[in-house]
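Undergrad: Structure: work.cif, mmCIF, C-alpha atoms.
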data_my_file
loop_
_atom_site.label_atom_id
_atom_site.label_comp_id
_atom_site.auth_asym_id
_atom_site.auth_seq_id
_atom_site.Cartn_x
_atom_site.Cartn_y
_atom_site.Cartn_z
CA MET S 71 100.28 92.39 85.14
CA LEU S 72 100.30 95.80 83.45
CA GLY S 73 97.42 98.21 83.67
CA GLU S 74 95.62 99.28 80.52
CA PHE S 75 97.16 102.76 80.38
CA GLU S 76 100.61 101.37 81.17
CA TYR S 77 100.26 99.03 78.20
CA VAL S 78 99.06 101.84 75.90
CA LEU S 79 102.00 104.04 76.96
CA MET S 80 104.56 101.28 76.48
CA THR S 81 103.13 100.39 73.09
CA ALA S 82 103.26 104.02 71.98
CA ALA S 83 106.85 104.33 73.23
CA ALA S 84 107.88 101.10 71.50
CA GLY S 85 106.25 102.29 68.26
CA LEU S 86 108.10 105.60 68.35
CA GLY S 87 111.44 103.85 68.90
CA GLU S 88 114.40 106.22 69.19
CA SER S 89 112.18 109.30 69.08
CA ALA S 90 110.02 108.36 72.08
CA TYR S 91 109.79 111.18 74.60
CA GLY S 92 107.05 112.80 76.71
CA ALA S 93 105.25 115.03 74.19
CA ALA S 94 105.64 112.56 71.30
CA ILE S 95 104.23 109.66 73.34
CA ARG S 96 101.33 111.84 74.45
CA GLU S 97 100.56 112.84 70.88
CA GLU S 98 100.78 109.22 69.72
CA ILE S 99 98.38 108.03 72.43
CA GLU S 100 95.87 110.78 71.61
CA LYS S 101 96.13 110.09 67.87
CA VAL S 102 96.09 106.29 67.87
CA ALA S 103 94.05 105.40 70.97
CA GLY S 104 91.71 108.35 70.52
CA ARG S 105 91.83 109.26 74.19
CA SER S 106 93.10 112.33 75.93
CA CYS S 107 96.31 111.93 77.88
CA SER S 108 97.26 114.46 80.54
CA ILE S 109 100.86 115.33 81.33
CA GLY S 110 100.18 114.20 84.91
CA ALA S 111 99.00 110.74 83.86
CA LEU S 112 101.86 110.42 81.39
CA TYR S 113 104.75 111.30 83.68
CA THR S 114 103.47 109.51 86.80
CA THR S 115 103.00 106.36 84.71
CA ILE S 116 106.46 106.72 83.15
CA GLU S 117 107.90 107.13 86.65
CA ARG S 118 106.10 104.03 87.93
CA LEU S 119 107.12 101.91 84.94
CA GLU S 120 110.72 103.04 85.30
CA LYS S 121 110.71 102.02 88.97
CA LYS S 122 109.44 98.58 87.95
CA GLY S 123 112.30 98.35 85.44
CA LEU S 124 109.95 98.24 82.45
CA LEU S 125 111.11 101.56 80.99
CA LYS S 126 114.40 103.40 80.92
CA THR S 127 114.45 107.19 80.71
CA TRP S 128 117.20 109.75 80.26
CA MET S 129 117.42 113.44 79.43
CA GLY S 130 117.88 114.07 75.73
CA GLU S 131 118.65 117.07 73.62
CA ALA S 132 117.18 120.56 74.09
CA THR S 133 115.65 122.23 71.06
CA ALA S 134 114.63 125.80 70.25
CA GLN S 135 111.09 124.54 69.61
CA ARG S 136 110.99 123.49 73.27
CA GLY S 137 112.33 126.79 74.55
CA GLY S 138 115.76 125.28 75.11
CA ARG S 139 114.39 122.57 77.42
CA ALA S 140 115.60 118.97 77.34
CA LYS S 141 113.40 116.04 76.34
CA ARG S 142 112.86 113.10 78.65
CA MET S 143 113.59 110.21 76.33
CA VAL S 144 111.95 106.84 76.92
CA ARG S 145 112.89 103.31 75.93
CA VAL S 146 111.08 100.04 76.69
CA THR S 147 113.46 97.61 78.42
CA PRO S 148 113.57 93.87 77.60
CA LYS S 149 111.66 93.26 80.84
CA GLY S 150 109.08 95.82 79.68
CA MET S 151 108.75 94.11 76.30
CA HIS S 152 108.13 90.81 78.04
CA ALA S 153 105.46 92.36 80.31
CA ALA S 154 103.77 94.08 77.34
CA LYS S 155 103.78 90.83 75.36
CA GLU S 156 102.23 89.00 78.30
CA PHE S 157 99.51 91.65 78.58
CA TYR S 158 98.83 91.52 74.85
CA GLU S 159 98.57 87.71 74.82
CA ALA S 160 96.30 87.72 77.88
CA MET S 161 93.99 90.21 76.15
CA MET S 162 93.96 88.07 73.03
CA ARG S 163 93.12 84.93 75.05
CA VAL S 164 90.43 86.60 77.12
CA SER S 165 88.85 88.15 74.02
CA ARG S 166 88.84 85.04 71.83
CA ASN S 167 85.12 84.25 72.26
CA ALA S 168 83.87 87.82 72.42
CA SER S 169 81.65 88.86 69.51
CA TRP S 170 83.81 91.90 68.69
CA ALA S 171 86.84 89.63 68.37
CA THR S 172 85.23 86.78 66.40
CA GLY S 173 83.07 89.00 64.22
CA LYS S 174 80.05 86.72 64.94
CA PRO S 175 76.79 88.44 65.93
CA GLU S 176 76.18 88.63 69.69
CA ARG S 177 73.85 85.95 71.14
CA ALA S 178 70.57 87.22 72.54
CA SER S 179 70.37 86.76 76.34
CA MET C 182 103.18 129.61 78.75
CA SER C 183 101.99 131.33 81.91
CA SER C 184 104.46 132.34 84.58
CA LEU C 185 102.06 130.68 87.05
CA ALA C 186 102.63 127.34 85.34
CA GLU C 187 106.37 127.93 85.48
CA MET C 188 106.11 128.76 89.16
CA ALA C 189 104.08 125.60 89.78
CA THR C 190 106.89 123.49 88.29
CA THR C 191 109.06 124.37 91.29
CA PHE C 192 107.15 121.56 93.06
CA LEU C 193 108.60 119.10 90.54
CA ALA C 194 112.03 117.46 90.49
CA PRO C 195 114.51 119.41 88.26
CA ARG C 196 114.49 116.66 85.63
CA ASP C 197 110.66 116.63 85.43
CA ARG C 198 110.57 120.44 85.40
CA ASP C 199 112.69 120.67 82.27
CA ALA C 200 110.82 117.90 80.45
CA VAL C 201 107.37 119.25 81.35
CA LEU C 202 108.15 122.87 80.49
CA GLY C 203 109.65 121.71 77.19
CA ASP C 204 106.59 119.58 76.39
CA LEU C 205 104.27 122.49 77.18
CA ALA C 206 106.30 124.84 74.97
CA GLU C 207 106.34 122.28 72.17
CA THR C 208 102.58 121.70 72.27
CA GLY C 209 101.91 125.43 72.58
CA ALA C 210 99.96 125.04 75.84
CA SER C 211 99.47 128.33 77.60
CA GLY C 212 97.66 130.06 80.45
CA TRP C 213 95.27 127.97 82.49
CA SER C 214 95.73 124.90 80.35
CA ALA C 215 99.48 124.86 81.13
CA LEU C 216 98.86 125.55 84.81
CA ARG C 217 96.23 122.79 85.00
CA SER C 218 98.63 120.33 83.36
CA VAL C 219 101.44 121.13 85.78
CA MET C 220 99.18 121.08 88.85
CA GLY C 221 97.69 117.80 87.67
CA LEU C 222 101.17 116.29 87.61
CA VAL C 223 102.09 117.75 91.00
CA VAL C 224 98.92 116.31 92.61
CA ARG C 225 99.36 112.92 90.94
CA GLN C 226 103.01 112.72 92.03
CA GLN C 227 102.07 113.51 95.61
CA MET C 228 99.34 110.84 95.52
CA GLU C 229 101.82 108.38 94.04
CA PHE C 230 104.21 108.90 96.99
CA TRP C 231 101.40 107.88 99.36
CA ARG C 232 100.92 104.53 97.65
CA ALA C 233 103.97 103.30 99.58
CA TRP C 234 103.83 102.41 103.31
CA GLN C 235 106.82 104.57 104.28
CA PRO C 236 105.15 108.02 104.29
CA TRP C 237 102.28 106.63 106.40
CA VAL C 238 104.65 105.17 108.98
CA ALA C 239 106.80 108.34 108.93
CA SER C 240 103.78 110.59 109.51
CA SER C 241 102.41 108.40 112.32
CA ALA C 242 105.85 108.21 113.92
CA ALA C 243 106.29 111.99 113.64
CA PHE C 244 102.97 112.58 115.40
CA ALA C 245 103.41 109.93 118.11
CA GLY C 246 107.10 110.72 118.63
CA SER C 247 106.34 114.39 119.03
CA LEU C 248 103.69 113.64 121.68
CA LEU C 249 106.07 111.42 123.66
CA LEU C 250 109.04 113.77 123.36
CA LEU C 251 106.97 116.72 124.57
CA GLY C 252 106.55 114.79 127.81
CA VAL C 253 110.25 113.93 127.95
CA SER C 254 111.22 117.59 127.39
CA PHE C 255 108.88 118.72 130.13
CA GLY C 256 110.24 116.05 132.49
CA LEU C 257 113.81 117.15 131.76
CA SER C 258 112.91 120.79 132.41
CA VAL C 259 111.33 119.93 135.76
CA ASP C 260 114.32 117.77 136.73
CA SER C 261 116.73 120.54 135.71
CA ARG C 262 114.88 122.87 138.06
CA HIS C 263 115.22 120.26 140.82
CA LEU C 264 118.93 120.03 140.02
CA LEU C 265 119.34 123.79 140.50
CA ARG C 266 117.58 123.48 143.86
CA GLY C 267 119.88 120.63 144.83
CA GLU C 268 117.05 118.08 144.87
CA ARG C 269 118.56 116.00 142.04
CA GLY C 270 122.00 114.71 141.19
CA TYR C 271 124.00 115.86 138.16
CA GLY C 272 124.44 112.29 136.88
CA SER C 273 120.74 111.56 136.72
CA VAL C 274 119.86 114.78 134.88
CA LEU C 275 122.81 114.35 132.51
CA CYS C 276 121.61 110.82 131.64
CA GLU C 277 118.09 112.15 131.08
CA ALA C 278 119.36 114.97 128.87
CA LEU C 279 121.55 112.61 126.80
CA LEU C 280 118.64 110.22 126.39
CA MET C 281 116.31 113.02 125.33
CA LEU C 282 118.86 114.18 122.74
CA SER C 283 119.38 110.69 121.38
CA TRP C 284 115.67 109.80 121.36
CA ALA C 285 114.89 113.02 119.51
CA TRP C 286 117.74 112.59 117.03
CA THR C 287 117.02 108.92 116.27
CA SER C 288 113.27 109.62 115.94
CA GLY C 289 114.01 112.53 113.61
CA PHE C 290 116.47 110.46 111.58
CA ALA C 291 114.03 107.55 111.23
CA VAL C 292 111.17 109.88 110.23
CA GLY C 293 113.41 111.74 107.77
CA SER C 294 114.70 108.57 106.13
CA LEU C 295 111.18 107.15 105.81
CA SER C 296 109.54 110.38 104.67
CA GLY C 297 111.46 110.57 101.40
CA LYS C 298 109.42 112.99 99.33
CA THR C 299 106.82 113.81 101.98
CA PRO C 300 108.88 115.47 104.73
CA TRP C 301 106.52 118.45 104.94
CA VAL C 302 103.58 116.30 105.98
CA SER C 303 105.68 114.61 108.68
CA GLY C 304 106.87 118.05 109.80
CA MET C 305 103.31 119.34 110.04
CA LEU C 306 102.18 116.30 112.01
CA CYS C 307 105.05 116.85 114.42
CA ALA C 308 104.21 120.56 114.75
CA ILE C 309 100.50 120.07 115.63
CA PRO C 310 101.03 118.54 119.12
CA CYS C 311 103.87 121.02 119.76
CA LEU C 312 101.69 124.04 119.00
CA SER C 313 98.77 122.65 120.95
CA CYS C 314 101.00 121.94 123.96
CA VAL C 315 102.69 125.36 123.90
CA LEU C 316 99.32 127.14 123.68
CA ARG C 317 97.84 125.15 126.59
CA PHE C 318 100.93 125.21 128.80
CA GLN C 319 99.98 126.32 132.32
CA ASP C 320 103.03 125.83 134.54
CA THR C 321 103.98 129.44 135.30
CA SER C 322 107.30 128.51 136.91
CA LEU C 323 108.64 127.21 133.60
CA SER C 324 108.86 128.72 130.14
CA ARG C 325 106.34 127.41 127.61
CA LEU C 326 109.24 126.61 125.33
CA CYS C 327 110.64 124.05 127.79
CA VAL C 328 108.43 121.40 126.19
CA LEU C 329 110.18 121.98 122.86
CA LEU C 330 113.70 121.01 123.96
CA PHE C 331 113.55 117.97 121.70
CA LEU C 332 112.83 120.01 118.56
CA LEU C 333 116.38 121.04 117.64
CA PRO C 334 117.96 117.53 117.82
CA GLY C 335 114.80 116.13 116.21
CA VAL C 336 114.97 118.52 113.25
CA VAL C 337 118.73 117.97 112.84
CA GLY C 338 118.08 114.20 112.81
CA ALA C 339 115.24 114.57 110.30
CA VAL C 340 117.35 116.66 107.91
CA GLN C 341 120.20 114.15 108.14
CA GLY C 342 117.73 111.30 107.65
CA VAL C 343 116.35 112.89 104.47
CA ARG C 344 119.89 113.39 103.12
CA ARG C 345 121.57 110.15 104.16
CA ALA C 346 118.56 107.79 104.42
CA ARG C 347 120.43 105.26 106.60
CA LEU C 348 123.27 104.82 109.08
CA SER C 349 125.97 102.18 108.84
CA HIS C 350 125.03 99.06 110.79
CA ARG C 351 127.90 99.50 113.23
CA THR C 352 126.98 103.12 114.02
CA ALA C 353 123.30 102.32 114.43
CA LEU C 354 123.99 99.33 116.68
CA THR C 355 126.50 101.24 118.84
CA LEU C 356 124.02 104.08 119.23
CA ALA C 357 121.12 101.80 120.16
CA ILE C 358 123.19 99.82 122.69
CA ALA C 359 124.60 103.01 124.24
CA MET C 360 121.09 104.46 124.55
CA THR C 361 119.73 101.29 126.14
CA ALA C 362 122.65 101.18 128.58
CA LEU C 363 122.06 104.84 129.45
CA MET C 364 118.41 104.07 130.14
CA LEU C 365 119.34 101.17 132.43
CA VAL C 366 121.74 103.45 134.33
CA TRP C 367 119.20 106.25 134.57
CA GLY C 368 116.36 103.95 135.58
CA GLY C 369 113.37 105.75 134.07
CA MET C 370 111.83 102.53 132.80
CA TYR C 371 108.38 103.73 131.86
CA MET C 372 106.43 102.33 128.94
CA ARG C 373 106.72 105.71 127.20
CA ASN C 374 110.50 105.59 127.32
CA TRP C 375 110.68 102.08 125.90
CA PHE C 376 108.54 103.20 122.96
CA LEU C 377 111.10 105.89 122.25
CA PHE C 378 113.72 103.20 121.59
CA LEU C 379 111.76 101.89 118.61
CA PRO C 380 113.33 104.34 116.09
CA ALA C 381 116.87 103.53 117.29
CA TRP C 382 116.36 99.76 116.95
CA TRP C 383 114.50 100.23 113.67
CA LEU C 384 117.58 102.07 112.36
CA VAL C 385 119.69 99.04 113.36
CA ALA C 386 117.37 96.63 111.55
CA HIS C 387 117.15 98.90 108.49
CA ALA C 388 120.94 99.29 108.29
CA GLU C 389 121.43 95.53 108.63
CA ARG C 390 118.88 94.79 105.91
CA SER C 391 120.42 97.36 103.57
CA GLU C 392 123.93 96.01 104.11
CA LEU C 393 122.75 92.44 103.50
CA SER C 394 121.02 93.42 100.27
CA ASN C 395 124.14 95.37 99.18
CA GLU C 396 126.25 92.26 99.86
CA LYS C 397 123.85 90.15 97.78
CA LEU C 398 124.09 92.64 94.93
CA GLY C 399 127.87 92.66 95.18
CA ALA C 400 128.15 88.86 95.22
#
Let me see the file written as structure tokens.
TA:
Amino acid sequence: MLGEFEYVLMTAAAGLGESAYGAAIREEIEKVAGRSCSIGALYTTIERLEKKGLLKTWMGEATAQRGGRAKRMVRVTPKGMHAAKEFYEAMMRVSRNASWATGKPERAS
Amino acid sequence: MSSLAEMATTFLAPRDRDAVLGDLAETGASGWSALRSVMGLVVRQQMEFWRAWQPWVASSAAFAGSLLLLGVSFGLSVDSRHLLRGERGYGSVLCEALLMLSWAWTSGFAVGSLSGKTPWVSGMLCAIPCLSCVLRFQDTSLSRLCVLLFLLPGVVGAVQGVRRARLSHRTALTLAIAMTALMLVWGGMYMRNWFLFLPAWWLVAHAERSELSNEKLGA
């Protein structure tokens, strides 16, 4: 099963679609998940997910904004989509009785 | 972006270097922040390599192999001296020299092919016993460097192992059988020497496994 950060990264990449690359994914994670994301965590996780066949990466275009450097583009593979869906459904199942998921007040212990 | 951060990216693969430097330029990271980001990635990548079993086996093999081959090199040097004095036959010393070369090369090749992205650690672990042995060497009739005879074939093997990763099954098997036959002819059947065959036979097993998995992929 995926780790939490792996899932967050794959979800951000899937959401960005064709424009998913290192800096954009990092920005998306920081904006949406509200957590900081280091370049180290980002690229080592991308590398690991690519080895597992869950992501595909390739070198994209170089822009002047990037000092003429190429982007490392990222795409979630069908296998990755399946793994992310499994993770999502497991989280939904495991959360179904939790007060923050049901909206009911928490029982006193 | 700081030139220090740019320098630090030399530890990264070319593809990562371009992507990371581009990302840093795009986000406007500079100075220490850029350097910290790059170093963070370098450290994480190194740690990631060590999550696999191969670098651990390669490092242990480099250390143990170096210890054993120091003894073999010393033995060969002593026997060569005996040969010059006429106390040993050419055949026996030639067998010993060929075995030392092949043990060193196969050990180096196996360590190199297993090390992958951590060859420097394996190299350091091989160098520690060598340095220690050279510094403590006390036989005045022989050069201190005689214990390092295995280093050249070992390093050549390691470099080839890093580049090629595996031998063909036929080559590996021929080499291992020839080495074993040479050992039987020579007769130095000590436990230490049998241990030195492990890399050669591991290369055979590794080549066979790789060829089988290639056949499965091709089928």
Undergrad: For C:Met370, which residue among C:Asp197, C:Glu207, C:Glu277, C:Glu229 is the nearest when counting only C-alpha atoms?
TA: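 Smallest separation from C:Met370 among the options: C:Glu277.
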Undergrad: Define the interface residues of chain C facing chain S as those within 12 Å, counting only C-alpha atoms, and report them as a PDB file with C-alpha atoms, keeping the file's coordinate frame.
TA:
ATOM      1  CA  MET C 182     103.180 129.610  78.750  1.00  0.00           C
ATOM      2  CA  THR C 190     106.890 123.490  88.290  1.00  0.00           C
ATOM      3  CA  LEU C 193     108.600 119.100  90.540  1.00  0.00           C
ATOM      4  CA  ALA C 194     112.030 117.460  90.490  1.00  0.00           C
ATOM      5  CA  PRO C 195     114.510 119.410  88.260  1.00  0.00           C
ATOM      6  CA  ARG C 196     114.490 116.660  85.630  1.00  0.00           C
ATOM      7  CA  ASP C 197     110.660 116.630  85.430  1.00  0.00           C
ATOM      8  CA  ARG C 198     110.570 120.440  85.400  1.00  0.00           C
ATOM      9  CA  ASP C 199     112.690 120.670  82.270  1.00  0.00           C
ATOM     10  CA  ALA C 200     110.820 117.900  80.450  1.00  0.00           C
ATOM     11  CA  VAL C 201     107.370 119.250  81.350  1.00  0.00           C
ATOM     12  CA  LEU C 202     108.150 122.870  80.490  1.00  0.00           C
ATOM     13  CA  GLY C 203     109.650 121.710  77.190  1.00  0.00           C
ATOM     14  CA  ASP C 204     106.590 119.580  76.390  1.00  0.00           C
ATOM     15  CA  LEU C 205     104.270 122.490  77.180  1.00  0.00           C
ATOM     16  CA  ALA C 206     106.300 124.840  74.970  1.00  0.00           C
ATOM     17  CA  GLU C 207     106.340 122.280  72.170  1.00  0.00           C
ATOM     18  CA  THR C 208     102.580 121.700  72.270  1.00  0.00           C
ATOM     19  CA  GLY C 209     101.910 125.430  72.580  1.00  0.00           C
ATOM     20  CA  ALA C 210      99.960 125.040  75.840  1.00  0.00           C
ATOM     21  CA  SER C 214      95.730 124.900  80.350  1.00  0.00           C
ATOM     22  CA  ALA C 215      99.480 124.860  81.130  1.00  0.00           C
ATOM     23  CA  LEU C 216      98.860 125.550  84.810  1.00  0.00           C
ATOM     24  CA  ARG C 217      96.230 122.790  85.000  1.00  0.00           C
ATOM     25  CA  SER C 218      98.630 120.330  83.360  1.00  0.00           C
ATOM     26  CA  VAL C 219     101.440 121.130  85.780  1.00  0.00           C
ATOM     27  CA  MET C 220      99.180 121.080  88.850  1.00  0.00           C
ATOM     28  CA  GLY C 221      97.690 117.800  87.670  1.00  0.00           C
ATOM     29  CA  LEU C 222     101.170 116.290  87.610  1.00  0.00           C
ATOM     30  CA  VAL C 223     102.090 117.750  91.000  1.00  0.00           C
ATOM     31  CA  VAL C 224      98.920 116.310  92.610  1.00  0.00           C
ATOM     32  CA  ARG C 225      99.360 112.920  90.940  1.00  0.00           C
ATOM     33  CA  GLN C 226     103.010 112.720  92.030  1.00  0.00           C
ATOM     34  CA  GLN C 227     102.070 113.510  95.610  1.00  0.00           C
ATOM     35  CA  MET C 228      99.340 110.840  95.520  1.00  0.00           C
ATOM     36  CA  GLU C 229     101.820 108.380  94.040  1.00  0.00           C
ATOM     37  CA  PHE C 230     104.210 108.900  96.990  1.00  0.00           C
ATOM     38  CA  ARG C 232     100.920 104.530  97.650  1.00  0.00           C
ATOM     39  CA  ALA C 233     103.970 103.300  99.580  1.00  0.00           C
TER      40      ALA C 233
END
Undergrad: Using atom CA of C:Ala386 and atom CA of C:Ser296 as the two end points, give the distance in Å to one decimal.
TA: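 Atom-to-atom, atom CA of C:Ala386 and atom CA of C:Ser296 are spaced 17.3 Å apart.
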Undergrad: I need the output of the PyMOL selection byres ((chain C and resi 342) around 9) for this file as number ranges by chain; which residues are they?
TA: C: 287, 289-297, 337-341, 343-348
Undergrad: May I have the residues from that selection written out with C-alpha atoms, as a PDB file, keeping the file's coordinate frame?
TA:
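Written file, again.pdb:
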ATOM      1  CA  THR C 287     117.020 108.920 116.270  1.00  0.00           C
ATOM      2  CA  GLY C 289     114.010 112.530 113.610  1.00  0.00           C
ATOM      3  CA  PHE C 290     116.470 110.460 111.580  1.00  0.00           C
ATOM      4  CA  ALA C 291     114.030 107.550 111.230  1.00  0.00           C
ATOM      5  CA  VAL C 292     111.170 109.880 110.230  1.00  0.00           C
ATOM      6  CA  GLY C 293     113.410 111.740 107.770  1.00  0.00           C
ATOM      7  CA  SER C 294     114.700 108.570 106.130  1.00  0.00           C
ATOM      8  CA  LEU C 295     111.180 107.150 105.810  1.00  0.00           C
ATOM      9  CA  SER C 296     109.540 110.380 104.670  1.00  0.00           C
ATOM     10  CA  GLY C 297     111.460 110.570 101.400  1.00  0.00           C
ATOM     11  CA  VAL C 337     118.730 117.970 112.840  1.00  0.00           C
ATOM     12  CA  GLY C 338     118.080 114.200 112.810  1.00  0.00           C
ATOM     13  CA  ALA C 339     115.240 114.570 110.300  1.00  0.00           C
ATOM     14  CA  VAL C 340     117.350 116.660 107.910  1.00  0.00           C
ATOM     15  CA  GLN C 341     120.200 114.150 108.140  1.00  0.00           C
ATOM     16  CA  VAL C 343     116.350 112.890 104.470  1.00  0.00           C
ATOM     17  CA  ARG C 344     119.890 113.390 103.120  1.00  0.00           C
ATOM     18  CA  ARG C 345     121.570 110.150 104.160  1.00  0.00           C
ATOM     19  CA  ALA C 346     118.560 107.790 104.420  1.00  0.00           C
ATOM     20  CA  ARG C 347     120.430 105.260 106.600  1.00  0.00           C
ATOM     21  CA  LEU C 348     123.270 104.820 109.080  1.00  0.00           C
TER      22      LEU C 348
END
Undergrad: Quick one, how far is atom CA of S:Val102 from atom CA of S:Thr81?
TA: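 The value is 10.6 Å.
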Undergrad: Anything within 9 Å of (108.0, 109.8, 122.7): list those residues as a list in words, counting all atoms listed in the file and sticking to the file's coordinates.
TA: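 Nearby residues: Ala245, Gly246, Ser247, Leu248, Leu249, Leu250, Leu251, Gly252, Val253, Trp284, Ala285, Ser288, Arg373, Asn374, Trp375, Phe376, Leu377 and Phe378 of chain C.
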Undergrad: Which residues fall under the PyMOL selection byres ((chain S and resi 75) around 10) in this file, as a list in words?
TA: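 Written out, the selection comes to Leu72, Gly73, Glu74, Glu76, Tyr77, Val78, Leu79, Met80, Thr81, Ile99, Cys107, Ala111, Leu112 and Thr115 of chain S.
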Undergrad: Show me the residues close to (103.4, 93.5, 87.1) - anything with an atom within 10 Å, counting all atoms listed in the file - and format the list as a list in words.
TA: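 Here the neighbourhood of the point contains Met71, Leu72, Gly73, Leu119, Lys122, Leu124, Gly150, Ala153, Ala154, Glu156 and Phe157 of chain S.
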Undergrad: With C-alpha atoms retained, could you export that selection as a PDB file, keeping the file's coordinate frame?
TA:
ATOM      1  CA  MET S  71     100.280  92.390  85.140  1.00  0.00           C
ATOM      2  CA  LEU S  72     100.300  95.800  83.450  1.00  0.00           C
ATOM      3  CA  GLY S  73      97.420  98.210  83.670  1.00  0.00           C
ATOM      4  CA  LEU S 119     107.120 101.910  84.940  1.00  0.00           C
ATOM      5  CA  LYS S 122     109.440  98.580  87.950  1.00  0.00           C
ATOM      6  CA  LEU S 124     109.950  98.240  82.450  1.00  0.00           C
ATOM      7  CA  GLY S 150     109.080  95.820  79.680  1.00  0.00           C
ATOM      8  CA  ALA S 153     105.460  92.360  80.310  1.00  0.00           C
ATOM      9  CA  ALA S 154     103.770  94.080  77.340  1.00  0.00           C
ATOM     10  CA  GLU S 156     102.230  89.000  78.300  1.00  0.00           C
ATOM     11  CA  PHE S 157      99.510  91.650  78.580  1.00  0.00           C
TER      12      PHE S 157
END
Undergrad: Which one of S:Arg163, S:Pro175, S:Ile116, S:Leu125 sits closest to S:Arg145 if you count all atoms listed in the file?
TA: S:Leu125
Undergrad: Between C:Leu316, C:Leu393, C:Leu379, C:Val336, which has the minimum distance to C:Ser303 (counting all atoms listed in the file)?
TA: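 For C:Ser303, the nearest of the candidates is C:Val336.
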Undergrad: If the PyMOL selection byres ((chain C and resi 365-369) around 9) is run on the structure shown, which residues does it catch, given as a list in words?
TA: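 That expression, the PyMOL selection byres ((chain C and resi 365-369) around 9), corresponds here to Gly272, Ser273, Val274, Cys276, Glu277, Met360, Thr361, Ala362, Leu363, Met364, Met370, Tyr371 and Asn374 of chain C.
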Undergrad: Expressed in Å to a single decimal, how great is the separation between atom CA of C:Gln319 and atom CA of C:Ser258?
TA: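 For atom CA of C:Gln319 relative to atom CA of C:Ser258, the distance reads 14.1 Å.
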Undergrad: Tell me which of S:Lys174, S:Lys149, S:Arg166, S:Lys155 sits closest to S:Lys121, counting all atoms listed in the file.
TA: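 With all atoms listed in the file as the atom set, the closest residue is S:Lys149.
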